Structures are given as C-alpha cells and as structure tokens.
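Okay, upload28.cif now, which holds mmCIF, C-alpha atoms:
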```cif
data_run
#
loop_
_atom_site.label_atom_id
_atom_site.label_comp_id
_atom_site.auth_asym_id
_atom_site.auth_seq_id
_atom_site.Cartn_x
_atom_site.Cartn_y
_atom_site.Cartn_z
CA MET A 1 74.51 20.32 -41.00
CA THR A 2 72.45 17.70 -39.15
CA LEU A 3 69.59 18.11 -36.71
CA PHE A 4 70.87 15.30 -34.47
CA ALA A 5 74.30 14.61 -33.01
CA ARG A 6 76.05 12.17 -30.81
CA VAL A 7 75.20 12.50 -27.14
CA PRO A 8 78.07 14.13 -25.30
CA GLY A 9 79.30 12.22 -22.31
CA THR A 10 81.53 9.33 -21.58
CA GLY A 11 82.85 8.16 -24.92
CA GLY A 12 79.92 9.83 -26.75
CA ALA A 13 78.03 6.52 -26.72
CA VAL A 14 74.40 6.75 -27.81
CA PRO A 15 71.89 3.98 -27.05
CA PRO A 16 70.67 2.28 -30.28
CA ALA A 17 67.01 2.97 -29.44
CA LEU A 18 67.71 6.70 -29.10
CA THR A 19 69.61 6.72 -32.39
CA ARG A 20 66.71 5.02 -34.18
CA MET A 21 64.12 7.43 -32.80
CA ARG A 22 66.25 10.42 -33.77
CA ARG A 23 66.54 9.13 -37.32
CA VAL A 24 62.80 8.52 -37.54
CA ALA A 25 61.94 12.00 -36.26
CA THR A 26 64.47 13.67 -38.57
CA ALA A 27 63.37 11.56 -41.53
CA MET A 28 59.76 12.64 -41.02
CA LEU A 29 60.87 16.29 -41.01
CA VAL A 30 62.84 15.78 -44.21
CA VAL A 31 59.90 13.97 -45.84
CA MET A 32 57.55 16.84 -44.91
CA ALA A 33 60.00 19.34 -46.44
CA LEU A 34 60.21 17.36 -49.71
CA LEU A 35 56.42 16.94 -49.73
CA PHE A 36 55.98 20.67 -49.22
CA PHE A 37 58.18 21.62 -52.19
CA ALA A 38 56.62 18.94 -54.39
CA SER A 39 53.02 19.99 -53.56
CA ARG A 40 53.92 23.66 -54.08
CA ALA A 41 55.17 22.84 -57.59
CA LEU A 42 52.06 20.74 -58.38
CA GLU A 43 49.46 22.97 -56.73
CA ALA A 44 48.34 24.53 -60.04
CA ARG A 45 47.54 21.13 -61.55
CA HIS A 46 44.89 20.12 -59.01
CA PRO A 47 43.30 21.73 -55.92
CA ALA A 48 44.02 18.62 -53.85
CA TRP A 49 47.70 19.49 -53.81
CA GLY A 50 46.78 22.56 -51.76
CA PHE A 51 45.65 20.29 -48.94
CA VAL A 52 48.91 18.34 -49.17
CA GLN A 53 50.90 21.58 -49.15
CA ALA A 54 49.04 22.89 -46.09
CA PHE A 55 49.61 19.62 -44.24
CA ALA A 56 53.32 19.48 -45.11
CA GLU A 57 53.89 23.15 -44.31
CA ALA A 58 52.28 22.96 -40.88
CA ALA A 59 54.04 19.63 -40.19
CA MET A 60 57.40 21.26 -40.94
CA VAL A 61 56.63 24.14 -38.58
CA GLY A 62 55.50 21.77 -35.80
CA GLY A 63 58.46 19.43 -36.30
CA LEU A 64 61.00 22.28 -36.34
CA ALA A 65 59.45 23.91 -33.25
CA ASP A 66 59.58 20.66 -31.27
CA TRP A 67 63.09 19.88 -32.51
CA PHE A 68 64.17 23.31 -31.26
CA ALA A 69 62.45 22.74 -27.89
CA VAL A 70 63.95 19.27 -27.38
CA THR A 71 67.43 20.34 -28.48
CA ALA A 72 67.33 23.50 -26.35
CA LEU A 73 67.09 21.34 -23.23
CA PHE A 74 70.55 19.85 -23.80
CA ARG A 75 72.53 22.21 -26.05
CA HIS A 76 72.43 25.30 -28.27
CA PRO A 77 70.47 24.43 -31.45
CA LEU A 78 72.84 24.35 -34.44
CA GLY A 79 75.55 25.61 -32.06
CA LEU A 80 74.02 29.10 -31.98
CA PRO A 81 74.04 30.80 -28.53
CA VAL A 82 70.30 31.48 -28.58
CA PRO A 83 69.06 32.81 -25.21
CA HIS A 84 67.35 30.29 -22.91
CA THR A 85 68.84 27.25 -24.64
CA ALA A 86 71.24 24.59 -23.31
CA ILE A 87 69.03 24.71 -20.23
CA ILE A 88 70.35 21.61 -18.46
CA PRO A 89 74.10 22.39 -18.80
CA ARG A 90 73.57 25.99 -17.68
CA ASN A 91 71.46 24.96 -14.66
CA LYS A 92 73.46 21.89 -13.65
CA ASP A 93 74.21 23.12 -10.13
CA ARG A 94 70.63 24.20 -9.51
CA ILE A 95 69.38 20.81 -10.72
CA GLY A 96 71.71 19.09 -8.25
CA ASP A 97 70.51 21.29 -5.40
CA THR A 98 66.85 20.78 -6.33
CA LEU A 99 67.32 17.03 -6.58
CA ALA A 100 69.01 16.96 -3.18
CA ILE A 101 66.20 19.04 -1.61
CA PHE A 102 63.58 16.75 -3.17
CA LEU A 103 65.40 13.72 -1.81
CA ARG A 104 65.64 15.26 1.64
CA ASP A 105 62.02 16.47 1.84
CA ASN A 106 60.43 13.31 0.44
CA PHE A 107 62.70 10.47 1.56
CA LEU A 108 65.35 11.48 4.11
CA THR A 109 63.38 13.09 6.90
CA ALA A 110 62.75 11.25 10.15
CA HIS A 111 58.94 11.44 10.06
CA VAL A 112 58.75 10.28 6.42
CA VAL A 113 61.01 7.30 7.09
CA ALA A 114 59.13 6.45 10.30
CA ARG A 115 55.78 6.57 8.47
CA ARG A 116 57.03 4.33 5.67
CA MET A 117 58.76 1.92 8.04
CA ARG A 118 55.50 1.41 9.96
CA ARG A 119 54.09 -0.27 6.86
CA LEU A 120 56.97 -2.76 6.67
CA ASP A 121 56.88 -6.00 8.64
CA VAL A 122 60.60 -6.72 8.56
CA ALA A 123 60.34 -9.43 11.22
CA ALA A 124 57.78 -11.39 9.19
CA VAL A 125 59.87 -11.22 6.00
CA VAL A 126 63.05 -12.29 7.82
CA GLY A 127 61.13 -14.99 9.69
CA ARG A 128 59.70 -16.51 6.50
CA TRP A 129 63.09 -16.49 4.84
CA LEU A 130 64.87 -18.08 7.81
CA ALA A 131 62.16 -20.70 8.30
CA ASN A 132 62.20 -21.72 4.62
CA PRO A 133 65.50 -20.56 3.12
CA VAL A 134 65.44 -23.09 0.27
CA GLY A 135 62.10 -21.97 -1.11
CA GLY A 136 61.65 -19.74 -4.12
CA GLN A 137 64.33 -17.35 -2.92
CA GLY A 138 67.40 -19.45 -3.66
CA ARG A 139 68.65 -17.13 -6.37
CA LEU A 140 68.14 -14.15 -4.09
CA ARG A 141 70.01 -15.90 -1.27
CA HIS A 142 72.96 -16.83 -3.48
CA GLY A 143 73.05 -13.37 -5.01
CA ALA A 144 73.02 -11.77 -1.59
CA SER A 145 75.73 -14.18 -0.46
CA ARG A 146 78.00 -13.30 -3.39
CA LEU A 147 77.42 -9.61 -2.78
CA ALA A 148 78.19 -9.95 0.93
CA ALA A 149 81.36 -11.95 0.21
CA SER A 150 82.51 -9.37 -2.34
CA VAL A 151 81.87 -6.52 0.10
CA ILE A 152 83.75 -8.26 2.93
CA GLN A 153 86.71 -9.08 0.69
CA SER A 154 86.85 -5.60 -0.82
CA LEU A 155 87.09 -3.89 2.55
CA ASP A 156 90.55 -2.97 3.76
CA GLN A 157 91.38 -5.81 6.11
CA GLN A 158 93.79 -3.88 8.30
CA ARG A 159 91.66 -0.76 8.38
CA LEU A 160 88.45 -2.64 9.10
CA GLY A 161 90.18 -4.74 11.76
CA GLY A 162 91.49 -1.57 13.33
CA MET A 163 87.99 -0.10 13.30
CA VAL A 164 86.59 -3.21 14.99
CA LYS A 165 89.32 -3.22 17.64
CA GLY A 166 88.89 0.51 18.16
CA ALA A 167 85.14 0.12 18.56
CA ILE A 168 85.60 -2.68 21.11
CA ALA A 169 88.21 -0.71 23.04
CA ASN A 170 86.08 2.44 23.05
CA ARG A 171 83.10 0.44 24.20
CA LEU A 172 85.12 -1.08 27.03
CA ARG A 173 86.49 2.32 28.04
CA SER A 174 83.01 3.84 28.15
CA THR A 175 81.63 0.99 30.27
CA GLU A 176 81.97 1.12 34.05
CA VAL A 177 83.08 -2.43 34.75
CA ALA A 178 83.06 -2.39 38.57
CA PRO A 179 79.28 -1.92 39.08
CA LEU A 180 78.56 -4.56 36.45
CA LEU A 181 80.87 -7.03 38.18
CA GLY A 182 79.24 -6.24 41.53
CA GLN A 183 75.76 -6.80 40.13
CA ALA A 184 76.86 -10.06 38.47
CA ILE A 185 78.36 -11.40 41.74
CA GLN A 186 75.28 -10.30 43.68
CA ALA A 187 72.95 -12.06 41.23
CA ALA A 188 75.13 -15.20 41.32
CA ILE A 189 75.00 -15.32 45.14
CA ALA A 190 71.22 -14.86 45.13
CA GLU A 191 70.82 -17.88 42.82
CA ASP A 192 73.59 -20.01 44.44
CA ARG A 193 75.62 -19.85 41.25
CA HIS A 194 78.64 -18.84 43.34
CA VAL A 195 78.94 -22.31 44.91
CA PRO A 196 80.96 -23.79 41.99
CA LEU A 197 83.31 -20.80 42.28
CA ILE A 198 83.96 -21.48 45.96
CA ASP A 199 84.37 -25.22 45.26
CA GLY A 200 86.91 -24.36 42.60
CA MET A 201 88.80 -22.12 45.00
CA ILE A 202 88.92 -24.95 47.56
CA ARG A 203 90.25 -27.39 44.97
CA PHE A 204 92.81 -24.81 43.89
CA VAL A 205 94.04 -24.43 47.49
CA ALA A 206 94.32 -28.20 47.91
CA ARG A 207 96.33 -28.53 44.70
CA ALA A 208 98.51 -25.59 45.71
CA VAL A 209 99.35 -27.29 49.02
CA ASP A 210 100.31 -30.52 47.23
CA ALA A 211 102.32 -28.68 44.58
CA ASN A 212 104.24 -26.63 47.15
CA GLU A 213 104.84 -29.31 49.78
CA GLN A 214 108.62 -28.97 49.55
CA VAL A 215 108.38 -25.19 49.83
CA ILE A 216 106.31 -25.52 53.02
CA ARG A 217 108.73 -28.05 54.51
CA ALA A 218 111.68 -25.76 53.72
CA MET A 219 109.95 -22.80 55.36
CA VAL A 220 109.27 -24.81 58.53
CA HIS A 221 112.87 -26.09 58.59
CA ASP A 222 114.33 -22.60 58.12
CA ARG A 223 112.17 -21.06 60.84
CA ALA A 224 112.55 -23.89 63.36
CA GLY A 225 115.12 -23.55 66.13
CA SER A 226 118.33 -25.58 66.21
CA ILE A 227 116.93 -27.85 68.91
CA LEU A 228 113.89 -28.73 66.75
CA ARG A 229 116.08 -29.41 63.77
CA TRP A 230 118.56 -31.51 65.89
CA THR A 231 115.75 -33.65 67.31
CA GLY A 232 113.93 -33.93 63.94
CA LEU A 233 110.77 -32.30 65.27
CA ASP A 234 110.79 -29.79 62.41
CA GLU A 235 109.89 -32.62 60.03
CA THR A 236 107.10 -33.71 62.35
CA LEU A 237 105.83 -30.13 62.56
CA ALA A 238 105.85 -29.79 58.75
CA ASN A 239 103.87 -33.06 58.43
CA LYS A 240 101.32 -31.81 60.96
CA ILE A 241 100.92 -28.50 59.10
CA LEU A 242 100.50 -30.22 55.72
CA ASP A 243 98.03 -32.76 57.12
CA GLY A 244 96.11 -29.98 58.81
CA LEU A 245 95.85 -27.92 55.60
CA ARG A 246 94.72 -30.95 53.58
CA LYS A 247 92.12 -31.93 56.22
CA LEU A 248 90.85 -28.35 56.36
CA ALA A 249 90.41 -28.28 52.58
CA ASP A 250 88.60 -31.65 52.66
CA ASP A 251 86.31 -30.50 55.49
CA ILE A 252 85.38 -27.27 53.70
CA ALA A 253 84.71 -29.16 50.48
CA ALA A 254 82.54 -31.77 52.22
CA ASP A 255 80.55 -29.45 54.52
CA PRO A 256 78.32 -26.85 52.80
CA GLN A 257 77.80 -25.19 56.19
CA HIS A 258 81.47 -24.92 57.11
CA PRO A 259 82.29 -21.61 58.85
CA LEU A 260 85.12 -20.81 56.42
CA ARG A 261 82.78 -21.37 53.50
CA ALA A 262 80.36 -18.93 55.14
CA LYS A 263 83.23 -16.47 55.57
CA ALA A 264 84.06 -16.81 51.87
CA GLU A 265 80.44 -16.13 50.94
CA GLU A 266 80.42 -13.13 53.25
CA GLY A 267 83.55 -11.86 51.58
CA LEU A 268 82.01 -12.26 48.12
CA ALA A 269 78.88 -10.39 49.21
CA LYS A 270 80.99 -7.54 50.61
CA LEU A 271 83.04 -7.44 47.40
CA ALA A 272 79.83 -7.22 45.35
CA ALA A 273 78.59 -4.33 47.47
CA ASP A 274 81.93 -2.51 47.40
CA LEU A 275 82.19 -2.84 43.62
CA GLN A 276 78.91 -0.96 43.33
CA THR A 277 79.45 1.67 46.04
CA ASP A 278 83.14 2.11 46.89
CA PRO A 279 84.75 4.82 44.69
CA ALA A 280 88.30 3.76 45.63
CA LEU A 281 87.71 0.14 44.61
CA GLN A 282 85.93 1.25 41.44
CA ALA A 283 88.90 3.45 40.55
CA ARG A 284 91.30 0.52 41.02
CA VAL A 285 89.11 -1.69 38.79
CA GLU A 286 88.97 1.03 36.12
CA GLN A 287 92.76 1.41 36.23
CA PHE A 288 93.13 -2.36 35.86
CA LYS A 289 90.74 -2.25 32.92
CA GLU A 290 92.77 0.51 31.23
CA ASP A 291 95.98 -1.46 31.77
CA MET A 292 94.36 -4.53 30.20
CA ILE A 293 93.10 -2.57 27.18
CA GLY A 294 96.57 -1.16 26.58
CA ASN A 295 98.25 -4.54 27.03
CA PRO A 296 99.82 -5.80 23.76
CA ALA A 297 98.70 -9.33 24.61
CA LEU A 298 95.05 -8.21 24.56
CA GLN A 299 95.60 -6.44 21.24
CA ARG A 300 97.03 -9.64 19.76
CA TRP A 301 94.06 -11.57 21.12
CA LEU A 302 91.65 -9.11 19.50
CA ASP A 303 93.57 -9.44 16.22
CA GLY A 304 93.19 -13.21 16.33
CA MET A 305 89.52 -12.98 17.25
CA TRP A 306 88.86 -10.57 14.38
CA GLU A 307 90.65 -12.80 11.86
CA ARG A 308 88.73 -15.87 13.02
CA SER A 309 85.43 -13.99 12.90
CA ARG A 310 86.14 -12.63 9.43
CA ALA A 311 87.13 -16.08 8.11
CA ALA A 312 84.02 -17.67 9.64
CA LEU A 313 81.81 -14.96 8.14
CA LEU A 314 83.37 -15.45 4.70
CA ARG A 315 82.79 -19.22 4.91
CA LEU A 316 79.18 -18.58 5.85
CA VAL A 317 78.38 -16.16 3.03
CA ARG A 318 80.25 -18.19 0.41
CA ASP A 319 78.29 -21.36 1.11
CA PRO A 320 74.88 -20.45 2.56
CA ASP A 321 73.43 -23.91 1.83
CA ARG A 322 76.10 -25.60 3.91
CA ALA A 323 75.71 -23.09 6.70
CA MET A 324 71.93 -23.56 6.72
CA ALA A 325 72.34 -27.34 6.79
CA GLY A 326 74.24 -27.51 10.08
CA GLY A 327 73.50 -26.58 13.65
CA MET A 328 73.53 -22.90 12.78
CA GLY A 329 70.90 -23.56 10.11
CA ASP A 330 68.66 -25.29 12.64
CA ALA A 331 69.06 -22.38 15.04
CA LEU A 332 68.28 -19.86 12.30
CA ARG A 333 65.21 -21.81 11.16
CA GLN A 334 64.00 -21.98 14.75
CA LEU A 335 64.52 -18.24 15.03
CA GLY A 336 62.48 -17.73 11.84
CA GLU A 337 59.61 -19.81 13.19
CA THR A 338 59.73 -17.88 16.47
CA LEU A 339 59.58 -14.58 14.61
CA GLN A 340 56.43 -15.74 12.85
CA ARG A 341 54.75 -17.10 15.98
CA ASP A 342 55.69 -14.50 18.57
CA PRO A 343 54.02 -11.15 17.81
CA ARG A 344 55.71 -9.44 20.77
CA LEU A 345 59.19 -10.38 19.50
CA ALA A 346 58.21 -9.32 15.98
CA ARG A 347 57.02 -5.94 17.26
CA THR A 348 60.28 -5.50 19.17
CA ILE A 349 62.38 -6.24 16.07
CA ASN A 350 60.27 -4.03 13.82
CA ARG A 351 60.52 -1.23 16.38
CA PHE A 352 64.30 -1.68 16.53
CA VAL A 353 64.63 -1.63 12.71
CA ARG A 354 62.38 1.42 12.49
CA ARG A 355 64.34 3.29 15.13
CA ALA A 356 67.63 2.30 13.52
CA ALA A 357 66.44 3.57 10.12
CA VAL A 358 65.13 6.80 11.61
CA GLY A 359 68.36 7.23 13.56
CA MET A 360 70.47 6.73 10.44
CA VAL A 361 68.39 9.28 8.55
CA ALA A 362 68.64 11.75 11.42
CA ASP A 363 72.41 11.25 11.70
CA TYR A 364 73.38 10.90 8.05
CA GLY A 365 70.45 12.35 6.04
CA ASP A 366 72.05 15.76 5.59
CA ALA A 367 75.33 14.12 4.60
CA ILE A 368 73.56 12.05 1.94
CA VAL A 369 71.81 15.15 0.61
CA ARG A 370 75.12 17.02 0.43
CA LEU A 371 76.67 14.02 -1.32
CA VAL A 372 73.99 14.10 -4.03
CA SER A 373 74.30 17.84 -4.50
CA ASP A 374 78.12 17.82 -4.52
CA THR A 375 78.22 14.83 -6.89
CA VAL A 376 75.99 16.57 -9.45
CA ARG A 377 77.98 19.77 -9.04
CA GLY A 378 81.17 17.81 -9.65
CA TRP A 379 79.94 16.44 -12.98
CA ASP A 380 80.97 18.41 -16.03
CA ALA A 381 78.18 19.73 -18.23
CA ARG A 382 78.83 17.18 -20.99
CA THR A 383 78.54 14.26 -18.58
CA ILE A 384 75.21 15.29 -17.03
CA THR A 385 73.82 16.23 -20.43
CA GLY A 386 74.77 12.86 -21.90
CA ARG A 387 73.37 10.90 -18.96
CA LEU A 388 70.05 12.71 -18.92
CA GLU A 389 69.64 12.56 -22.70
CA ASN A 390 70.45 8.86 -22.72
CA ALA A 391 67.81 8.35 -20.03
CA VAL A 392 64.92 10.36 -21.51
CA GLY A 393 66.04 11.19 -25.06
CA ARG A 394 64.01 8.38 -26.70
CA ASP A 395 60.75 9.73 -25.25
CA LEU A 396 61.72 13.26 -26.25
CA GLN A 397 62.04 12.13 -29.87
CA TYR A 398 58.40 11.04 -29.72
CA ILE A 399 57.61 14.69 -28.99
CA ARG A 400 59.23 15.62 -32.32
CA ILE A 401 57.28 12.94 -34.16
CA ASN A 402 53.99 13.93 -32.51
CA GLY A 403 54.72 17.60 -33.14
CA THR A 404 55.21 16.89 -36.86
CA LEU A 405 51.96 14.90 -37.14
CA VAL A 406 49.84 17.21 -34.97
CA GLY A 407 51.17 20.28 -36.76
CA GLY A 408 50.31 18.75 -40.12
CA LEU A 409 46.76 17.89 -39.01
CA VAL A 410 46.21 21.40 -37.65
CA GLY A 411 47.45 22.92 -40.93
CA LEU A 412 45.15 20.60 -42.89
CA CYS A 413 42.15 21.63 -40.76
CA ILE A 414 42.89 25.33 -41.17
CA HIS A 415 43.27 24.95 -44.96
CA SER A 416 40.01 22.99 -45.14
CA ILE A 417 38.16 25.72 -43.24
CA ASP A 418 39.60 28.37 -45.60
CA VAL A 419 38.43 26.40 -48.64
CA LEU A 420 34.93 25.93 -47.23
CA LEU A 421 34.58 29.61 -46.35
#
```

Written form, structure tokens:
Amino acid sequence: MTLFARVPGTGGAVPPALTRMRRVATAMLVVMALLFFASRALEARHPAWGFVQAFAEAAMVGGLADWFAVTALFRHPLGLPVPHTAIIPRNKDRIGDTLAIFLRDNFLTAHVVARRMRRLDVAAVVGRWLANPVGGQGRLRHGASRLAASVIQSLDQQRLGGMVKGAIANRLRSTEVAPLLGQAIQAAIAEDRHVPLIDGMIRFVARAVDANEQVIRAMVHDRAGSILRWTGLDETLANKILDGLRKLADDIAADPQHPLRAKAEEGLAKLAADLQTDPALQARVEQFKEDMIGNPALQRWLDGMWERSRAALLRLVRDPDRAMAGGMGDALRQLGETLQRDPRLARTINRFVRRAAVGMVADYGDAIVRLVSDTVRGWDARTITGRLENAVGRDLQYIRINGTLVGGLVGLCIHSIDVLL
C-alpha cells in the first residue's frame, strides 16, 4: 500500500514537480519510521538515542497527520470511507456555486466594473499603439493578428453572415426612414447642397428629351389632325416642341433664379416637411422600405458586401504591417495622435468603453456566473479533483514535509524538558 497515488483526472497525468514532492514527503516519513525503530533498539546503549527516538516518533506523528489532512481534501485516505474526507469531490457542486458567487460579487457587478474601468485610460493605450505600432509591441500585434484571423476563420461563415444581415435588416426596420430623409433634405437646402441635385435633374431631363426624340415626334404625329399631317405641319410642330424643351432646360440650367428652379426648390422644401409630419407619406416610405428589405436583390447585395468586408478584414489581420503602411495606416496613426492630444475625445472614448463594459456585465453577468456554476457542476468528481490537485498539490506536499520536521522538533523539545526535569 502506498501513501501517494496517481492524480485522477484526464489520463491520470501527474505533473513531474508534484510527483517529486510526493516522493520527497513520503521518503521523509519512511526515513523517520526507520529511524524510530533503529533508535528504539539502540536506546539502551546510550541516552542520546532517546533524543533521536523522540524526534523520529513525533516526526512520524506530524507527517502522518499532515498526510491524512492533505489526502482527505481529495480522496478517502487508504480508500477507507472515513467521515469528513474526500472533501472536494463531495462538495463539488457547492464549490462551483461558491466560485460563481465570488466571481459575481467581486468582478461581475456593474459598480465594481465601473470603479475598475475608471482607472483604465483605454484611449491613451490605444492612441500610443496606433501612433507607434512598430515599437516594442510588434510581437503583441502579430499575436493579436493571428488570434483575430483564427477567430474570424473559425466562425461559421454562413451563420455569421446571416447574423450580420439580420442585424442590418432589424436595424433598418427599427429606424423611421422618412423623418431622417426629411431632415437630411432640409439640412441640404439650408446649406445649398441641393443645387447639384437640381442641376442633375435638369441634365437628366435634357438627356431624356434627346433620347426620346422619335417618341415625341410619333406622339405629335399620332395626335395631329389629318390636315396637319397632309400639309407637313405636324413635323414643324414636333420640331418646335423639341426646341422649346431643349431651350427651357438650357435656360433653367443657366439661370440660378429661374422660376422653375424656384418651384423645384419649393417642392423639395415641402417634401422635406411632409416627410417629417405627414403620416400618410411616412407610411408609404415605410412600406417602400419594407419592400426593399424583402427584395432578393438587396439580400444578394448584402451577401456580396459581407463577403467583401470579411475578405478585407482577413487581409488586414493577416498582414498588419502592410495594412499599417498604406493609407489606412496613416489614418490610424493620425487617429492615435489625436487620441493622445485631444483630452475631450479621450474622455468620450473612455466613457463609451466603460459604459459598454458595464452594460455587458449588466446584460450577461448572470449568464457568465451560471456558466461557471454549471460547468463545475458538469465536471465529474475525478476531473475536478485531478485539476485542483495538479494546481495546488505541490504546495500541499510542503505541508507534509513541514509537518514531519515541525513534529520532530516539538517531540525533541518535549523529550529534552522531560530529561531536564
């Protein structure tokens, strides 16, 4: 029978350091036992052997007591079902619950996270890294890049793409487009940014007239009377109409104060106001939006956009040096310098990161706690025993060694006091 055994767990693997410490502690106990029997046999020959016997006897008691205590944490000593032994396997579920509660109370509460996040200057760290990405953090950058690339590649492409498209569609559905369009048109008119739009409409009308000249001539011919067609005046009338439309388009394009241009601006202003206040128009815009979201062509466009974005992101994370050497690198370095120089921007980013962290804890903290508790509960007793013993078993063997030595010294002191008295 041995006082040490292989750690139960995955494959029964025991770290070499733990094995060595177990052998040392057990060897000391065996040596004390041999020394005790030897000194007991030689005690009559010389009084000094009494001191050796007292030391060895007390060392055996201390070593055995600590061996029992250490072993009782993980299993029944010698396989005997002694009460209050195998403490960790028997209390596995309670350990998981206690660990989860400790994690929740000390790390995953909103006020704790907020207090810790106030000490972090995330904007400054990000700014320094972006401003000088090739400094002493190259290994960190490449390691992070490999990790990011592995994460992106390991994600289910179809599922992740569907999540992205679903998020975009849900965001579009939850956004009232009509008021936003009205505000955008109103702001464009206030800053004269609508002028290119009107100029484009005028050019479109002029091109439409030229492209549909034969259609216009045919319409005039069909609607003209027989006398006009017999005399050829229908052709003259068509020429006059075409010339008049072209001249009108040229006049509107050349004269910023043309009445029709003013009418167009008035129509845009009314459209902007109606988009923000007219429920019927807003309903029509929302229906158009829903039709667009459900259109297969838009879904195909989102698929293509997602694939291009994913490929570009993979190229970026696979070769960060190349990405930081181009125009994007210049923009990122400029952003890093701005983060370091602009305290207001830095405060805004730090506030955003802090709120995001607090929000994640508030939303998912309980789920993380349940995950820890359920994971520990799901482990079998052998697994959790092996993992804990592998983690702390080496230090526990020092307890056996110290118990043997301290016990021996206490026994020696007691024997010395008896001799003196």

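Comparing A:Ala269, A:Val112, A:Ala25, A:Ile293 by their smallest distance to A:Gln186, the closest is A:Ala269 (using all atoms listed in the file).
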
Atom pair atom CA of A:Glu43 / atom CA of A:Ala65: separation (Å):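 Between atom CA of A:Glu43 and atom CA of A:Ala65 the gap is 25.5 Å.
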
Just need the box for stretch 364-374 of chain A, edges along x, y and z, holding every atom the file lists for it with 4 Å tacked onto each side, so centre and edge lengths in Å to one decimal, as JSON.
```
{"center_x": 74.3, "center_y": 14.4, "center_z": 1.8, "size_x": 15.7, "size_y": 14.9, "size_z": 20.6}
```

Hits from the PyMOL selection byres ((chain A and resi 71-73) around 7), listed as a list in words: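 Matching residues under the PyMOL selection byres ((chain A and resi 71-73) around 7) are Trp67, Phe68, Ala69, Val70, Phe74, Arg75, His76, Pro77, Thr85, Ala86, Ile87 and Ile88 of chain A.
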
Atom CA of A:Asp66 to atom CA of A:Gly79, straight-line distance in Å: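 Between atom CA of A:Gly79 and atom CA of A:Asp66 the gap is 16.7 Å.
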
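Atom CA of A:Thr404 to atom CA of A:Ala33 spans 11.0 Å [interatomic distance, one decimal].
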
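Those DNA, RNA and protein residues that approach the point (59.7, 14.1, -39.7) to within 10 Å, considering only C-alpha atoms, are Arg22, Arg23, Val24, Ala25, Thr26, Ala27, Met28, Leu29, Val30, Val31, Met32, Ala33, Ala56, Ala59, Met60, Gly62, Gly63, Leu64, Trp67, Arg400, Ile401, Asn402, Gly403, Thr404 and Leu405 of chain A.
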
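Selection check: the PyMOL selection byres ((chain A and resi 104) around 12) on the shown file gives Asp97, Thr98, Leu99, Ala100, Ile101, Phe102, Leu103, Asp105, Asn106, Phe107, Leu108, Thr109, Ala110, His111, Val112, Val113, Val361, Ala362, Tyr364, Gly365, Asp366, Ala367, Ile368, Val369, Arg370, Leu371, Val372 and Ser373 of chain A.
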
Best match for closeness to A:Val195 among A:Leu314, A:Leu268, A:Ala208, A:Ala391, counting all atoms listed in the file: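 Of A:Leu314, A:Leu268, A:Ala208, A:Ala391, the one nearest A:Val195, counting all atoms listed in the file, is A:Leu268.
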
Residues matched by the PyMOL selection byres ((chain A and resi 279-292) around 12) as a PyMOL selection string: chain A and resi 169-182+270-278+293-302

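Closest approach to A:Gly50 among A:Leu245, A:Leu339, A:Leu412, A:Leu420 is made by A:Leu412 (distances from only C-alpha atoms).
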
Nearest to A:Ile185 by atom-to-atom distance, counting all atoms listed in the file, from A:Ile417, A:Ala58, A:Val82, A:Leu197: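 Selected residue with least distance to A:Ile185: A:Leu197.
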
Exercise: stretch 122-128 of chain A partners within 9 Å, all atoms listed in the file, chain neighbours under 2 positions left out, as a list in words: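 Contacts, in chain order: Met117, Leu120, Leu130, Ala131, Asn132, Pro133, Arg333, Leu335, Gly336, Glu337, Thr338, Leu339, Gln340, Leu345, Ala346, Arg347, Thr348, Ile349, Asn350 and Val353 of chain A.
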
Residue list as a PyMOL selection string for point (42.8, 25.9, -46.9), cut-off 12 Å, only C-alpha atoms: chain A and resi 47-55+57-58+409-421

A:Arg377, A:Arg354, A:Asp395, A:Val61 ranked by distance to A:Phe36, top pick (using all atoms listed in the file):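 Closest to A:Phe36, using all atoms listed in the file: A:Val61.
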
Proximity to A:Thr385 - best of A:Gln334, A:Asn91, A:Ser309, A:Thr19, all atoms listed in the file: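 Comparing A:Gln334, A:Asn91, A:Ser309, A:Thr19 against A:Thr385, the winner is A:Asn91.
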
A:Leu242 surroundings by all atoms listed in the file, 9 Å radius, close-in-sequence under 2 positions cut, as number ranges by chain: A: 209-210, 213, 216-217, 237-240, 244-247
